[in-house]
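Below is one structure; the comments refer to it alone.
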Amino acid sequence: MKYLVGDIGNTLTKITLLNDKFKIIRSKSIETNKLYKKKYLLFFLKNFLIKNINRKILFSSVVPPIYKNIKSYLQVKKYKTHEIKELKVSKMIKLNIDNFKQIGSDRIANAIGAYYLYKKDCLIVDFGTATTFDVVKKPGIYDGGVIAPGIKLSIINLNKSTALLPLINLKSNAKSYGRNTEDALNSGFLWGYKGLINSIIDKIISSSNFKYKVILTGGYSRLFKKHIKKKSIIDDNITVKGIIKVYKDLLL
């Protein structure tokens with residue numbers, strides 16, 4: 001028996017095939033906005049709907065229309081889809097937040113993945129469409145977090161909102177300041193976000209006096225790891241690991 005899980009994000013959607021021990025066999029990602037078109041959705045999913053797949057498929061999703069499209073397609077194929085927030089995740093982790101509707105499923109998955117993997121107070125920094133900082137405390141409490149503008153989205157928006165500023169690929173070896181537009185932009189984004197990230201991490205740690213395990217994930221985690229003052233690790237699959245844990249505990 002194999003299993004299928006997915007993570008529908010604002011920028012990318014990732015689907016992951018698991019073996020009978022819930023270990024990752026393979027994953028594939030696609031730009032989420034492409035999945036509004038049926039031809040891309042069919043192409044994306046068909047190679048994963050193989051024999052011996054459990055009929056229950058679990059997603060985390062922050063894009064309801066895309067989840068609805070995927071759910072409709074899989075329903076025709078006789079699969080039963082679930083979304084993390086449709087399940088009783090409060091059995092697994094206490095959500096110390098004001099409004100359950102306002103928290104993204106990906107952040108719940110990150111929190112569950114981090115806590116059950118590391119069994120420590122964790123601070124997860126996710127470099128996604130937004131740059132998020134999520135706080136998880138023992139004994140399994142999601143205690144809130146911080147949402148900052150995403151790096152890539154900020155670069156794209158600055159390019160779209162100005163007539164002369166180019167779109168850049170952020171590099172980790174920026175100068176203190178630039179003598180051309182590209183270097184000046186690179187310096188601004190690298191040192192600006194370095195300051196933002198370290199400042200938020202320091203603020204969270206100093207305000208609670210906990211010794212957090214800092215976990216980095218998402219597109220820019222490797223680029224920024226060496227610029228983060230606190231000791232940290234990279235876990236590219238922390239969201240998927242959280243989804244897997246939910247599947248094992250609440251769907252089996």
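Ligands are numbered from 1 in the order shown, chains are lettered A, B, ... in the order of the structure tokens, and residues start at 1 in each chain.
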Restrict the calculation to only C-alpha atoms, then for each residue of region 60-84 of chain A with any atom at most 12 Å from an atom of region 231-248 of chain A give the closest atom pair and their distance in Å to one decimal, rows by chain and rising residue number, as a tab-separated table.
residue	atom	partner	partner_atom	distance
A:Ser60	CA	A:Ile243	CA	7.1
A:Ser61	CA	A:Ile243	CA	10.8
A:Thr81	CA	A:Tyr247	CA	11.3
A:His82	CA	A:Tyr247	CA	9.4
A:Glu83	CA	A:Ile243	CA	9.6
A:Ile84	CA	A:Val246	CA	7.5
Show which residues sit within 12 Å of Leu216 (chain A), as a PyMOL selection string. Count only C-alpha atoms, and ignore same-chain residues fewer than 5 positions away. chain A and resi 110+114+122-128+131-134+197+201+221-226+228+230-239
Deliver the residues from the most recent selection as a file, using C-alpha atoms, as a CSV table (one decimal), in the first residue's frame.
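Just written: out_21.csv:
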chain,number,residue,atom,x,y,z
A,110,ASN,CA,4.9,22.9,10.0
A,114,ALA,CA,8.5,20.2,14.0
A,122,CYS,CA,10.7,25.0,18.0
A,123,LEU,CA,10.8,28.2,15.9
A,124,ILE,CA,10.1,27.4,12.2
A,125,VAL,CA,11.1,30.0,9.7
A,126,ASP,CA,9.4,29.3,6.3
A,127,PHE,CA,10.7,31.3,3.3
A,128,GLY,CA,7.5,30.9,1.2
A,131,THR,CA,8.1,34.7,5.3
A,132,THR,CA,6.6,33.2,8.4
A,133,PHE,CA,7.9,32.5,11.9
A,134,ASP,CA,5.9,29.9,13.9
A,197,ILE,CA,14.9,37.8,10.0
A,201,ILE,CA,14.1,35.6,15.8
A,221,SER,CA,16.5,28.8,3.5
A,222,ARG,CA,19.9,27.8,2.1
A,223,LEU,CA,20.8,31.3,1.0
A,224,PHE,CA,20.0,32.9,4.4
A,225,LYS,CA,21.2,30.1,6.7
A,226,LYS,CA,24.7,31.5,6.9
A,228,ILE,CA,21.2,33.8,10.7
A,230,LYS,CA,21.2,31.7,15.9
A,231,LYS,CA,22.1,28.0,15.3
A,232,SER,CA,19.6,26.6,12.8
A,233,ILE,CA,18.9,23.5,10.7
A,234,ILE,CA,17.3,23.2,7.3
A,235,ASP,CA,14.4,20.8,6.8
A,236,ASP,CA,13.0,21.1,3.3
A,237,ASN,CA,10.2,18.6,4.0
A,238,ILE,CA,9.0,19.8,7.4
A,239,THR,CA,5.5,20.7,5.9
All residues 10 Å or closer to region 94-98 of chain A, only C-alpha atoms, same chain fewer than 4 positions away omitted, as JSON, numbers by chain: {"A": [89, 90, 102, 103, 108, 111, 112, 136, 137, 139, 140, 141, 142, 143, 144, 145]}
Kindly save the residues from that selection, with C-alpha atoms included, as a PDB file, in the first residue's frame.
ATOM      1  CA  VAL A  89      -5.916  18.475  14.590  1.00  0.00           C
ATOM      2  CA  SER A  90      -6.551  19.787  18.109  1.00  0.00           C
ATOM      3  CA  GLN A 102      -7.195  32.555  10.124  1.00  0.00           C
ATOM      4  CA  ILE A 103      -4.277  30.140  10.421  1.00  0.00           C
ATOM      5  CA  ILE A 108      -0.326  23.889  11.257  1.00  0.00           C
ATOM      6  CA  ALA A 111       4.103  23.056  13.729  1.00  0.00           C
ATOM      7  CA  ILE A 112       3.035  19.415  13.929  1.00  0.00           C
ATOM      8  CA  VAL A 136       5.830  25.635  18.947  1.00  0.00           C
ATOM      9  CA  LYS A 137       6.270  24.874  22.634  1.00  0.00           C
ATOM     10  CA  PRO A 139       4.082  19.789  25.319  1.00  0.00           C
ATOM     11  CA  GLY A 140       2.742  20.322  21.780  1.00  0.00           C
ATOM     12  CA  ILE A 141       1.399  23.882  21.757  1.00  0.00           C
ATOM     13  CA  TYR A 142       1.291  26.123  18.690  1.00  0.00           C
ATOM     14  CA  ASP A 143       1.685  29.541  20.301  1.00  0.00           C
ATOM     15  CA  GLY A 144       1.341  31.881  17.313  1.00  0.00           C
ATOM     16  CA  GLY A 145       3.844  33.529  15.042  1.00  0.00           C
TER      17      GLY A 145
END
Nearest to Asn47 (chain A) among A:Leu17, A:Leu87, A:Ala130, A:Leu190, with distances taken over only C-alpha atoms: which residue is it? A:Leu17
Which one is closest to Thr13 (chain A): A:Asp183, A:Glu86, A:Glu31, A:Asp106? Count only C-alpha atoms.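 Selected residue with least distance to Thr13 (chain A): A:Glu31.
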Using backbone DSSP assignments, extract all helix (DSSP H, G or I) residues from region 89-220 of chain A; output them as a PyMOL selection string. chain A and resi 89-91+100-102+105-118+151-161+181-208
Given only C-alpha atoms as the counted atoms, nearest of A:Arg107, A:Lys2, A:Lys120, A:Lys28 to Phe43 (chain A):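 The shortest atom-to-atom distance to Phe43 (chain A) comes from A:Lys28.
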Straight-line distance linking CA of Pro65 (chain A) with CA of Lys46 (chain A), stated in Å to one decimal: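 That distance, rounded to one decimal, is 19.5 Å.
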Among region 69-250 of chain A, which ones does DSSP assign to strand (DSSP E) (computed from the backbone)? Answer as a ChimeraX atom specification. /A:80-83,94-95,122-127,130-137,141-149,213-218,232-234
Suppose you want the space between CA of Lys211 (chain A) and CA of Lys138 (chain A); what is it in Å? 11.3 Å
Write out as a list in words which residues come within 6 Å of region 5-10 of chain A when counting only C-alpha atoms, dropping same-chain ones fewer than 4 positions away.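 The neighbour list is Lys14, Ile15, Thr16, Ile57, Leu58, Phe59, Ser60, Ser61 and Val62 of chain A.
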Restricted to N, CA and C atoms, what would the selected residues look like written as a PDB file, in the first residue's frame?
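The resulting part.pdb:
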ATOM      1  N   LYS A  14       2.832  21.049  -4.156  1.00  0.00           N
ATOM      2  CA  LYS A  14       3.726  19.894  -4.109  1.00  0.00           C
ATOM      3  C   LYS A  14       2.912  18.658  -3.771  1.00  0.00           C
ATOM      4  N   ILE A  15       3.112  17.582  -4.521  1.00  0.00           N
ATOM      5  CA  ILE A  15       2.464  16.315  -4.233  1.00  0.00           C
ATOM      6  C   ILE A  15       3.551  15.274  -3.980  1.00  0.00           C
ATOM      7  N   THR A  16       3.318  14.403  -3.002  1.00  0.00           N
ATOM      8  CA  THR A  16       4.352  13.485  -2.542  1.00  0.00           C
ATOM      9  C   THR A  16       3.792  12.075  -2.425  1.00  0.00           C
ATOM     10  N   ILE A  57      -6.603  10.623   0.488  1.00  0.00           N
ATOM     11  CA  ILE A  57      -5.492  11.520   0.156  1.00  0.00           C
ATOM     12  C   ILE A  57      -5.632  12.784   1.010  1.00  0.00           C
ATOM     13  N   LEU A  58      -4.524  13.204   1.618  1.00  0.00           N
ATOM     14  CA  LEU A  58      -4.559  14.351   2.525  1.00  0.00           C
ATOM     15  C   LEU A  58      -3.781  15.533   1.964  1.00  0.00           C
ATOM     16  N   PHE A  59      -4.382  16.718   2.037  1.00  0.00           N
ATOM     17  CA  PHE A  59      -3.749  17.955   1.583  1.00  0.00           C
ATOM     18  C   PHE A  59      -3.705  18.979   2.719  1.00  0.00           C
ATOM     19  N   SER A  60      -2.684  19.815   2.678  1.00  0.00           N
ATOM     20  CA  SER A  60      -2.778  21.117   3.329  1.00  0.00           C
ATOM     21  C   SER A  60      -2.972  22.105   2.186  1.00  0.00           C
ATOM     22  N   SER A  61      -3.796  23.107   2.413  1.00  0.00           N
ATOM     23  CA  SER A  61      -4.095  24.040   1.321  1.00  0.00           C
ATOM     24  C   SER A  61      -4.371  25.433   1.871  1.00  0.00           C
ATOM     25  N   VAL A  62      -3.786  26.432   1.203  1.00  0.00           N
ATOM     26  CA  VAL A  62      -4.119  27.829   1.490  1.00  0.00           C
ATOM     27  C   VAL A  62      -4.744  28.494   0.263  1.00  0.00           C
TER      28      VAL A  62
END
Which is closer to Lys88 (chain A) than all the others in A:Tyr3, A:Phe100, A:Phe22, A:Phe189, using only C-alpha atoms?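 Closest candidate: A:Phe100.
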Which of these residues is nearest to Pro149 (chain A), using only C-alpha atoms: A:Tyr193, A:Lys39, A:Tyr177, A:Ser187?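 Smallest separation from Pro149 (chain A) among the options: A:Tyr193.
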For the atom pair CA of Ile151 (chain A) and CA of Leu185 (chain A), what is the interatomic distance in Å to one decimal place? 12.2 Å
Residue nearest Lys229 (chain A) - candidates A:Lys194, A:Lys203, A:Lys160, A:Lys119, atoms counted: only C-alpha atoms: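 Residue with the minimum atom-to-atom distance to Lys229 (chain A): A:Lys194.
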